[in-house]
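Peer 1: Data file entry_21.cif (mmCIF, C-alpha atoms and all ligand atoms; chains and numbers go by the auth columns) is appended below.
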```cif
data_target
#
loop_
_atom_site.group_PDB
_atom_site.id
_atom_site.type_symbol
_atom_site.label_atom_id
_atom_site.label_comp_id
_atom_site.label_asym_id
_atom_site.label_seq_id
_atom_site.Cartn_x
_atom_site.Cartn_y
_atom_site.Cartn_z
_atom_site.B_iso_or_equiv
_atom_site.auth_seq_id
_atom_site.auth_asym_id
ATOM 1 C CA MET A 1 -15.770 -52.525 9.789 0.00 20 A
ATOM 2 C CA GLN A 2 -15.287 -50.046 7.007 0.00 21 A
ATOM 3 C CA LEU A 3 -14.127 -51.301 3.612 0.00 22 A
ATOM 4 C CA ARG A 4 -13.308 -49.430 0.449 0.00 23 A
ATOM 5 C CA PHE A 5 -15.891 -49.080 -2.316 0.00 24 A
ATOM 6 C CA GLU A 6 -13.798 -48.299 -5.372 0.00 25 A
ATOM 7 C CA CYS A 7 -15.693 -45.572 -7.129 0.00 26 A
ATOM 8 C CA SER A 8 -14.634 -42.478 -9.048 0.00 27 A
ATOM 9 C CA LEU A 9 -17.827 -40.507 -8.411 0.00 28 A
ATOM 10 C CA THR A 10 -17.960 -37.208 -6.553 0.00 29 A
ATOM 11 C CA GLY A 11 -20.132 -37.048 -3.442 0.00 30 A
ATOM 12 C CA GLU A 12 -22.854 -35.345 -5.444 0.00 31 A
ATOM 13 C CA GLU A 13 -22.777 -38.002 -8.158 0.00 32 A
ATOM 14 C CA TYR A 14 -22.747 -40.796 -5.595 0.00 33 A
ATOM 15 C CA VAL A 15 -25.997 -39.429 -4.172 0.00 34 A
ATOM 16 C CA SER A 16 -27.694 -38.563 -7.474 0.00 35 A
ATOM 17 C CA GLN A 17 -26.856 -41.981 -8.927 0.00 36 A
ATOM 18 C CA GLN A 18 -27.682 -43.803 -5.679 0.00 37 A
ATOM 19 C CA ALA A 19 -24.424 -45.594 -6.281 0.00 38 A
ATOM 20 C CA TRP A 20 -24.586 -47.557 -3.012 0.00 39 A
ATOM 21 C CA ARG A 21 -27.017 -49.787 -4.874 0.00 40 A
ATOM 22 C CA ASN A 22 -24.088 -50.898 -7.046 0.00 41 A
ATOM 23 C CA ALA A 23 -21.808 -51.671 -4.123 0.00 42 A
ATOM 24 C CA SER A 24 -21.152 -55.361 -3.845 0.00 43 A
ATOM 25 C CA LEU A 25 -19.350 -57.585 -1.408 0.00 44 A
ATOM 26 C CA THR A 26 -19.533 -61.134 -2.625 0.00 45 A
ATOM 27 C CA ARG A 27 -17.666 -62.890 0.191 0.00 46 A
ATOM 28 C CA CYS A 28 -17.392 -62.456 3.919 0.00 47 A
ATOM 29 C CA PRO A 29 -14.037 -60.818 4.707 0.00 48 A
ATOM 30 C CA LEU A 30 -13.772 -63.002 7.824 0.00 49 A
ATOM 31 C CA HIS A 31 -14.893 -66.267 6.236 0.00 50 A
ATOM 32 C CA PRO A 32 -13.976 -66.250 2.545 0.00 51 A
ATOM 33 C CA ASN A 33 -15.051 -69.871 2.235 0.00 52 A
ATOM 34 C CA GLY A 34 -18.590 -69.010 3.284 0.00 53 A
ATOM 35 C CA GLY A 35 -20.922 -70.921 5.532 0.00 54 A
ATOM 36 C CA CYS A 36 -21.198 -68.073 8.067 0.00 55 A
ATOM 37 C CA GLY A 37 -24.553 -66.693 6.930 0.00 56 A
ATOM 38 C CA PHE A 38 -22.958 -63.548 5.472 0.00 57 A
ATOM 39 C CA ALA A 39 -25.616 -61.410 3.807 0.00 58 A
ATOM 40 C CA ARG A 40 -26.541 -57.906 2.742 0.00 59 A
ATOM 41 C CA HIS A 41 -27.775 -55.925 5.715 0.00 60 A
ATOM 42 C CA GLY A 42 -29.525 -52.951 4.168 0.00 61 A
ATOM 43 C CA SER A 43 -27.828 -49.579 4.227 0.00 62 A
ATOM 44 C CA TYR A 44 -27.413 -46.716 6.638 0.00 63 A
ATOM 45 C CA GLU A 45 -27.827 -43.027 6.051 0.00 64 A
ATOM 46 C CA ARG A 46 -25.128 -40.407 6.494 0.00 65 A
ATOM 47 C CA ARG A 47 -25.890 -36.808 7.382 0.00 66 A
ATOM 48 C CA SER A 48 -23.767 -35.354 4.638 0.00 67 A
ATOM 49 C CA PRO A 49 -23.963 -35.025 1.719 0.00 68 A
ATOM 50 C CA PRO A 50 -27.756 -35.155 2.210 0.00 69 A
ATOM 51 C CA GLY A 51 -29.272 -38.301 0.780 0.00 70 A
ATOM 52 C CA THR A 52 -26.119 -40.403 1.196 0.00 71 A
ATOM 53 C CA PHE A 53 -26.525 -44.068 2.047 0.00 72 A
ATOM 54 C CA ILE A 54 -23.814 -46.649 2.687 0.00 73 A
ATOM 55 C CA ALA A 55 -24.300 -50.285 1.764 0.00 74 A
ATOM 56 C CA ARG A 56 -23.832 -52.708 4.617 0.00 75 A
ATOM 57 C CA TRP A 57 -23.368 -56.447 5.131 0.00 76 A
ATOM 58 C CA TYR A 58 -23.493 -58.633 8.215 0.00 77 A
ATOM 59 C CA CYS A 59 -21.691 -61.792 9.288 0.00 78 A
ATOM 60 C CA PRO A 60 -23.759 -63.582 11.960 0.00 79 A
ATOM 61 C CA ARG A 61 -20.928 -65.915 12.933 0.00 80 A
ATOM 62 C CA GLY A 62 -18.459 -63.063 13.410 0.00 81 A
ATOM 63 C CA HIS A 63 -21.111 -60.688 14.812 0.00 82 A
ATOM 64 C CA ARG A 64 -19.674 -58.033 12.549 0.00 83 A
ATOM 65 C CA THR A 65 -21.078 -55.547 10.065 0.00 84 A
ATOM 66 C CA PHE A 66 -19.145 -54.384 7.013 0.00 85 A
ATOM 67 C CA SER A 67 -19.851 -51.163 5.177 0.00 86 A
ATOM 68 C CA LEU A 68 -18.570 -50.109 1.787 0.00 87 A
ATOM 69 C CA LEU A 69 -17.404 -46.511 1.858 0.00 88 A
ATOM 70 C CA PRO A 70 -17.021 -44.888 -1.585 0.00 89 A
ATOM 71 C CA ASP A 71 -13.701 -43.179 -2.343 0.00 90 A
ATOM 72 C CA CYS A 72 -15.312 -39.731 -2.338 0.00 91 A
ATOM 73 C CA LEU A 73 -16.438 -39.846 1.304 0.00 92 A
ATOM 74 C CA ALA A 74 -14.509 -39.113 4.476 0.00 93 A
ATOM 75 C CA ALA A 75 -14.232 -42.036 6.891 0.00 94 A
ATOM 76 C CA ARG A 76 -15.849 -41.482 10.289 0.00 95 A
ATOM 77 C CA LEU A 77 -16.469 -37.808 9.569 0.00 96 A
ATOM 78 C CA PRO A 78 -19.475 -36.280 7.874 0.00 97 A
ATOM 79 C CA GLY A 79 -19.040 -35.152 4.303 0.00 98 A
ATOM 80 C CA THR A 80 -16.635 -35.756 1.466 0.00 99 A
ATOM 81 C CA LEU A 81 -12.869 -36.045 1.209 0.00 100 A
ATOM 82 C CA ALA A 82 -13.047 -33.027 -1.112 0.00 101 A
ATOM 83 C CA GLU A 83 -14.437 -30.978 1.770 0.00 102 A
ATOM 84 C CA VAL A 84 -11.663 -32.175 4.076 0.00 103 A
ATOM 85 C CA GLU A 85 -9.135 -31.383 1.369 0.00 104 A
ATOM 86 C CA ALA A 86 -10.476 -27.834 0.991 0.00 105 A
ATOM 87 C CA VAL A 87 -9.996 -27.176 4.705 0.00 106 A
ATOM 88 C CA VAL A 88 -6.526 -28.707 4.919 0.00 107 A
ATOM 89 C CA GLY A 89 -5.428 -27.024 1.684 0.00 108 A
ATOM 90 C CA ALA A 90 -6.609 -23.651 2.963 0.00 109 A
ATOM 91 C CA VAL A 91 -4.614 -24.088 6.174 0.00 110 A
ATOM 92 C CA GLU A 92 -1.500 -25.064 4.208 0.00 111 A
ATOM 93 C CA GLN A 93 -1.725 -21.852 2.222 0.00 112 A
ATOM 94 C CA ALA A 94 -2.668 -19.570 5.076 0.00 113 A
ATOM 95 C CA GLU A 95 -0.361 -17.922 7.570 0.00 114 A
ATOM 96 C CA SER A 96 -2.120 -19.594 10.451 0.00 115 A
ATOM 97 C CA VAL A 97 -5.035 -21.835 11.249 0.00 116 A
ATOM 98 C CA GLU A 98 -6.908 -18.747 12.447 0.00 117 A
ATOM 99 C CA ALA A 99 -6.277 -16.971 9.118 0.00 118 A
ATOM 100 C CA ALA A 100 -7.459 -20.055 7.211 0.00 119 A
ATOM 101 C CA CYS A 101 -10.637 -20.125 9.271 0.00 120 A
ATOM 102 C CA SER A 102 -11.447 -16.557 8.294 0.00 121 A
ATOM 103 C CA GLU A 103 -10.693 -17.409 4.634 0.00 122 A
ATOM 104 C CA LEU A 104 -13.073 -20.344 4.925 0.00 123 A
ATOM 105 C CA ARG A 105 -15.579 -18.079 6.642 0.00 124 A
ATOM 106 C CA LEU A 106 -15.582 -20.391 9.615 0.00 125 A
ATOM 107 C CA GLU A 107 -16.590 -18.610 12.769 0.00 126 A
ATOM 108 C CA ILE A 108 -13.491 -19.073 14.900 0.00 127 A
ATOM 109 C CA GLU A 109 -15.200 -17.512 17.868 0.00 128 A
ATOM 110 C CA LEU A 110 -17.306 -20.626 18.075 0.00 129 A
ATOM 111 C CA PRO A 111 -15.901 -23.051 20.592 0.00 130 A
ATOM 112 C CA GLY A 112 -14.345 -26.045 18.964 0.00 131 A
ATOM 113 C CA VAL A 113 -13.830 -24.650 15.462 0.00 132 A
ATOM 114 C CA LEU A 114 -10.056 -24.409 15.734 0.00 133 A
ATOM 115 C CA ARG A 115 -9.973 -27.900 17.192 0.00 134 A
ATOM 116 C CA TRP A 116 -12.236 -29.073 14.375 0.00 135 A
ATOM 117 C CA VAL A 117 -9.826 -27.669 11.788 0.00 136 A
ATOM 118 C CA ARG A 118 -6.645 -28.816 13.526 0.00 137 A
ATOM 119 C CA ARG A 119 -7.962 -32.347 13.895 0.00 138 A
ATOM 120 C CA ARG A 120 -8.447 -32.582 10.128 0.00 139 A
ATOM 121 C CA VAL A 121 -5.077 -31.032 9.345 0.00 140 A
ATOM 122 C CA GLN A 122 -3.223 -33.293 11.780 0.00 141 A
ATOM 123 C CA ALA A 123 -4.942 -36.454 10.572 0.00 142 A
ATOM 124 C CA ILE A 124 -4.275 -35.710 6.907 0.00 143 A
ATOM 125 C CA HIS A 125 -0.670 -34.629 7.446 0.00 144 A
ATOM 126 C CA ALA A 126 -0.060 -37.752 9.537 0.00 145 A
ATOM 127 C CA SER A 127 -1.430 -39.836 6.667 0.00 146 A
ATOM 128 C CA LEU A 128 0.794 -38.085 4.130 0.00 147 A
ATOM 129 C CA ASN A 129 3.807 -38.594 6.364 0.00 148 A
ATOM 130 C CA THR A 130 3.023 -42.293 6.723 0.00 149 A
ATOM 131 C CA LEU A 131 2.585 -42.633 2.958 0.00 150 A
ATOM 132 C CA LYS A 132 6.038 -41.130 2.388 0.00 151 A
ATOM 133 C CA GLY A 133 7.409 -44.057 4.365 0.00 152 A
ATOM 134 C CA LEU A 134 5.146 -46.694 2.825 0.00 153 A
ATOM 135 C CA LEU A 135 5.642 -45.528 -0.765 0.00 154 A
ATOM 136 C CA PRO A 136 9.098 -43.909 -0.804 0.00 155 A
ATOM 137 C CA GLU A 137 9.581 -44.305 -4.541 0.00 156 A
ATOM 138 C CA LEU A 138 6.446 -42.251 -5.116 0.00 157 A
ATOM 139 C CA PHE A 139 6.357 -39.767 -2.245 0.00 158 A
ATOM 140 C CA GLY A 140 9.811 -39.973 -0.651 0.00 159 A
ATOM 141 C CA GLU A 141 10.818 -36.578 -2.034 0.00 160 A
ATOM 142 C CA CYS A 142 7.542 -34.824 -1.149 0.00 161 A
ATOM 143 C CA VAL A 143 6.984 -32.726 1.923 0.00 162 A
ATOM 144 C CA PRO A 144 3.908 -34.182 3.660 0.00 163 A
ATOM 145 C CA ARG A 145 1.542 -31.522 2.365 0.00 164 A
ATOM 146 C CA LEU A 146 -1.388 -31.767 -0.044 0.00 165 A
ATOM 147 C CA GLY A 147 0.197 -29.269 -2.441 0.00 166 A
ATOM 148 C CA ALA A 148 3.339 -31.390 -2.854 0.00 167 A
ATOM 149 C CA PHE A 149 1.361 -34.615 -3.260 0.00 168 A
ATOM 150 C CA ALA A 150 -0.938 -32.982 -5.827 0.00 169 A
ATOM 151 C CA GLU A 151 2.050 -31.885 -7.853 0.00 170 A
ATOM 152 C CA ARG A 152 3.666 -35.317 -7.632 0.00 171 A
ATOM 153 C CA LEU A 153 0.479 -37.073 -8.760 0.00 172 A
ATOM 154 C CA GLY A 154 -0.568 -34.445 -11.284 0.00 173 A
ATOM 155 C CA VAL A 155 -4.079 -34.336 -9.845 0.00 174 A
ATOM 156 C CA ILE A 156 -6.270 -31.665 -8.311 0.00 175 A
ATOM 157 C CA ALA A 157 -8.200 -33.877 -5.903 0.00 176 A
ATOM 158 C CA VAL A 158 -5.462 -35.561 -3.873 0.00 177 A
ATOM 159 C CA LEU A 159 -7.388 -37.400 -1.167 0.00 178 A
ATOM 160 C CA PRO A 160 -9.715 -39.468 -3.385 0.00 179 A
ATOM 161 C CA ALA A 161 -6.650 -40.342 -5.511 0.00 180 A
ATOM 162 C CA LEU A 162 -4.821 -41.453 -2.365 0.00 181 A
ATOM 163 C CA ARG A 163 -7.698 -43.740 -1.363 0.00 182 A
ATOM 164 C CA HIS A 164 -6.959 -45.549 -4.576 0.00 183 A
ATOM 165 C CA ILE A 165 -3.145 -45.459 -4.403 0.00 184 A
ATOM 166 C CA ALA A 166 -3.014 -46.292 -0.697 0.00 185 A
ATOM 167 C CA ALA A 167 -5.737 -48.937 -0.871 0.00 186 A
ATOM 168 C CA PRO A 168 -3.563 -51.705 0.647 0.00 187 A
ATOM 169 C CA TYR A 169 -2.657 -49.478 3.600 0.00 188 A
ATOM 170 C CA LEU A 170 -5.988 -47.912 4.564 0.00 189 A
ATOM 171 C CA ARG A 171 -6.086 -49.789 7.884 0.00 190 A
ATOM 172 C CA SER A 172 -2.758 -48.194 8.816 0.00 191 A
ATOM 173 C CA LEU A 173 -3.821 -44.655 7.931 0.00 192 A
ATOM 174 C CA PRO A 174 -5.931 -42.575 10.300 0.00 193 A
ATOM 175 C CA VAL A 175 -9.430 -41.458 9.407 0.00 194 A
ATOM 176 C CA PRO A 176 -10.748 -39.561 7.488 0.00 195 A
ATOM 177 C CA LEU A 177 -8.410 -40.684 4.646 0.00 196 A
ATOM 178 C CA GLY A 178 -7.713 -44.139 6.007 0.00 197 A
ATOM 179 C CA PHE A 179 -9.896 -46.450 8.037 0.00 198 A
ATOM 180 C CA ARG A 180 -7.831 -46.619 11.208 0.00 199 A
ATOM 181 C CA PRO A 181 -10.135 -45.529 14.020 0.00 200 A
ATOM 182 C CA ARG A 182 -8.967 -42.862 16.392 0.00 201 A
ATOM 183 C CA CYS A 183 -7.801 -44.334 19.681 0.00 202 A
ATOM 184 C CA PRO A 184 -10.130 -43.838 22.606 0.00 203 A
ATOM 185 C CA ARG A 185 -8.658 -41.186 24.884 0.00 204 A
ATOM 186 C CA GLY A 186 -5.423 -42.549 26.293 0.00 205 A
ATOM 187 C CA GLY A 187 -6.440 -46.063 25.425 0.00 206 A
ATOM 188 C CA LYS A 188 -5.506 -48.666 22.915 0.00 207 A
ATOM 189 C CA PRO A 189 -7.103 -48.918 19.499 0.00 208 A
ATOM 190 C CA ASP A 190 -10.370 -50.751 19.209 0.00 209 A
ATOM 191 C CA ARG A 191 -9.550 -54.441 19.741 0.00 210 A
ATOM 192 C CA ALA A 192 -11.566 -55.393 16.709 0.00 211 A
ATOM 193 C CA PHE A 193 -9.123 -53.555 14.470 0.00 212 A
ATOM 194 C CA GLN A 194 -5.856 -54.585 16.077 0.00 213 A
ATOM 195 C CA HIS A 195 -5.286 -57.624 13.953 0.00 214 A
ATOM 196 C CA SER A 196 -5.083 -55.505 10.835 0.00 215 A
ATOM 197 C CA LEU A 197 -3.108 -52.557 12.162 0.00 216 A
ATOM 198 C CA GLY A 198 0.231 -51.715 10.655 0.00 217 A
ATOM 199 C CA PRO A 199 2.961 -49.710 12.358 0.00 218 A
ATOM 200 C CA ASP A 200 1.721 -46.593 14.074 0.00 219 A
ATOM 201 C CA PRO A 201 2.255 -43.409 12.127 0.00 220 A
ATOM 202 C CA PRO A 202 3.367 -40.346 14.056 0.00 221 A
ATOM 203 C CA THR A 203 0.458 -38.832 15.892 0.00 222 A
ATOM 204 C CA SER A 204 1.528 -35.280 15.157 0.00 223 A
ATOM 205 C CA LEU A 205 3.768 -33.345 12.840 0.00 224 A
ATOM 206 C CA ALA A 206 4.289 -30.566 15.326 0.00 225 A
HETATM 207 ZN ZN ZN B . -18.512 -64.402 7.991 0.00 301 A
#
```
What would you get if you wrote out this structure as structure tokens?
Ligand SMILES: [Zn+2]

Peer 2:
Amino acid sequence: MQLRFECSLTGEEYVSQQAWRNASLTRCPLHPNGGCGFARHGSYERRSPPGTFIARWYCPRGHRTFSLLPDCLAARLPGTLAEVEAVVGAVEQAESVEAACSELRLEIELPGVLRWVRRRVQAIHASLNTLKGLLPELFGECVPRLGAFAERLGVIAVLPALRHIAAPYLRSLPVPLGFRPRCPRGGKPDRAFQHSLGPDPPTSLA
């Protein structure tokens, strides 16, 4: 299970400072009273940014691992939230996804690139839409786009800021901003996560 590691570092700083060494999880999320054998379980490496490790813990009684994902990194996607934000922001400002891909110098002839981009855009816009409903006093007036949220918050990097602001709701928000796993094709969400799921956000803004 992915948990939030509150951390204001960029992806580059997280790697150069080996900040996963500072991540700490003092109690088992399943058994806060202890006695389950909960212990640090090393760390695992992520492909991107190169040199990234994620601190991990294990509960033997619950047969569950817990990893602490820093606010700068995308959940269940390689890379940083800043990289996701650059792609989604480019699409918001472009006339079409295809135009954004050429701006981003992504080779749209390659199979899967448009899908790759659309998946990020849909997931982020679904998250923004859900946050409008969860935090109406803050985002109720915003269109569910990064530009509008950036203006409302007065920040440049919206997604890492939203990890912080939306911390109580991350299990209800889809990856890569939130920690809600994508449903297996046509199926129900992973059983392990059902207990903590909130209401389903719209799957598409189309
Ligand atoms: Zn435990």

Peer 1: May I have the residues within 12 Å of A:Trp135 as a ChimeraX atom specification, using only C-alpha atoms and disregarding those fewer than 5 positions away in the same chain?

Peer 2: /A:96,103,106-107,116-117,120,125-127,129-130,140-142

Peer 1: Would you export the selected residues with C-alpha atoms as a compact mmCIF listing (two decimals), in the frame of the given file, please?

Peer 2:
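Heads up, here's the output in part32.txt:
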```txt
# COMPACT_ATOMS: atom_id res chain seq x y z
CA LEU A 96 -16.47 -37.81 9.57
CA VAL A 103 -11.66 -32.17 4.08
CA VAL A 106 -10.00 -27.18 4.70
CA VAL A 107 -6.53 -28.71 4.92
CA VAL A 116 -5.04 -21.84 11.25
CA GLU A 117 -6.91 -18.75 12.45
CA CYS A 120 -10.64 -20.12 9.27
CA LEU A 125 -15.58 -20.39 9.62
CA GLU A 126 -16.59 -18.61 12.77
CA ILE A 127 -13.49 -19.07 14.90
CA LEU A 129 -17.31 -20.63 18.08
CA PRO A 130 -15.90 -23.05 20.59
CA VAL A 140 -5.08 -31.03 9.35
CA GLN A 141 -3.22 -33.29 11.78
CA ALA A 142 -4.94 -36.45 10.57
```

Peer 1: List the residues selected by the PyMOL selection byres (((chain A and resi 160-170) around 9) and not hetatm) in the file shown, writing them as a PyMOL selection string.

Peer 2: chain A and resi 104+107-108+111-112+143-151+155-159+171-178

Peer 1: As an exercise, work out the distance from atom CA of A:Ser27 to atom CA of A:Gly70 in Å and give it to one decimal place.

Peer 2: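 So the answer is 18.1 Å.
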
Peer 1: List all protein, DNA and RNA residues that have an atom no more than 10 Å from any atom of ligand ZN 301 (chain A), counting only C-alpha atoms and all ligand atoms, and report them as a PyMOL selection string.

Peer 2: chain A and resi 46-58+76-84

Peer 1: Counting all atoms listed in the file, what are the residues of stretch 58-129 of chain A within 12 Å of stretch 187-190 of chain A, and for each of them which pair of atoms is the nearest and at what distance in Å, to one decimal? Sort the table by chain and rising number, as a tab-separated table.

Peer 2:
```
residue	atom	partner	partner_atom	distance
A:Leu88	CA	A:Leu189	CA	11.8
A:Asp90	CA	A:Leu189	CA	11.4
A:Ala94	CA	A:Leu189	CA	10.4
```

Peer 1: If I take atom CA of A:Thr29 and atom CA of A:Ser115, how far is one from the other in Å, to one decimal?

Peer 2: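 Going from atom CA of A:Thr29 over to atom CA of A:Ser115 covers 29.2 Å.
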
Peer 1: Just checking: using all atoms listed in the file, which residue out of A:Leu196, A:Pro69, A:Cys26, A:Ser121 ends up closest to A:Pro89?

Peer 2: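 Ranked by minimum distance to A:Pro89, first place goes to A:Cys26.
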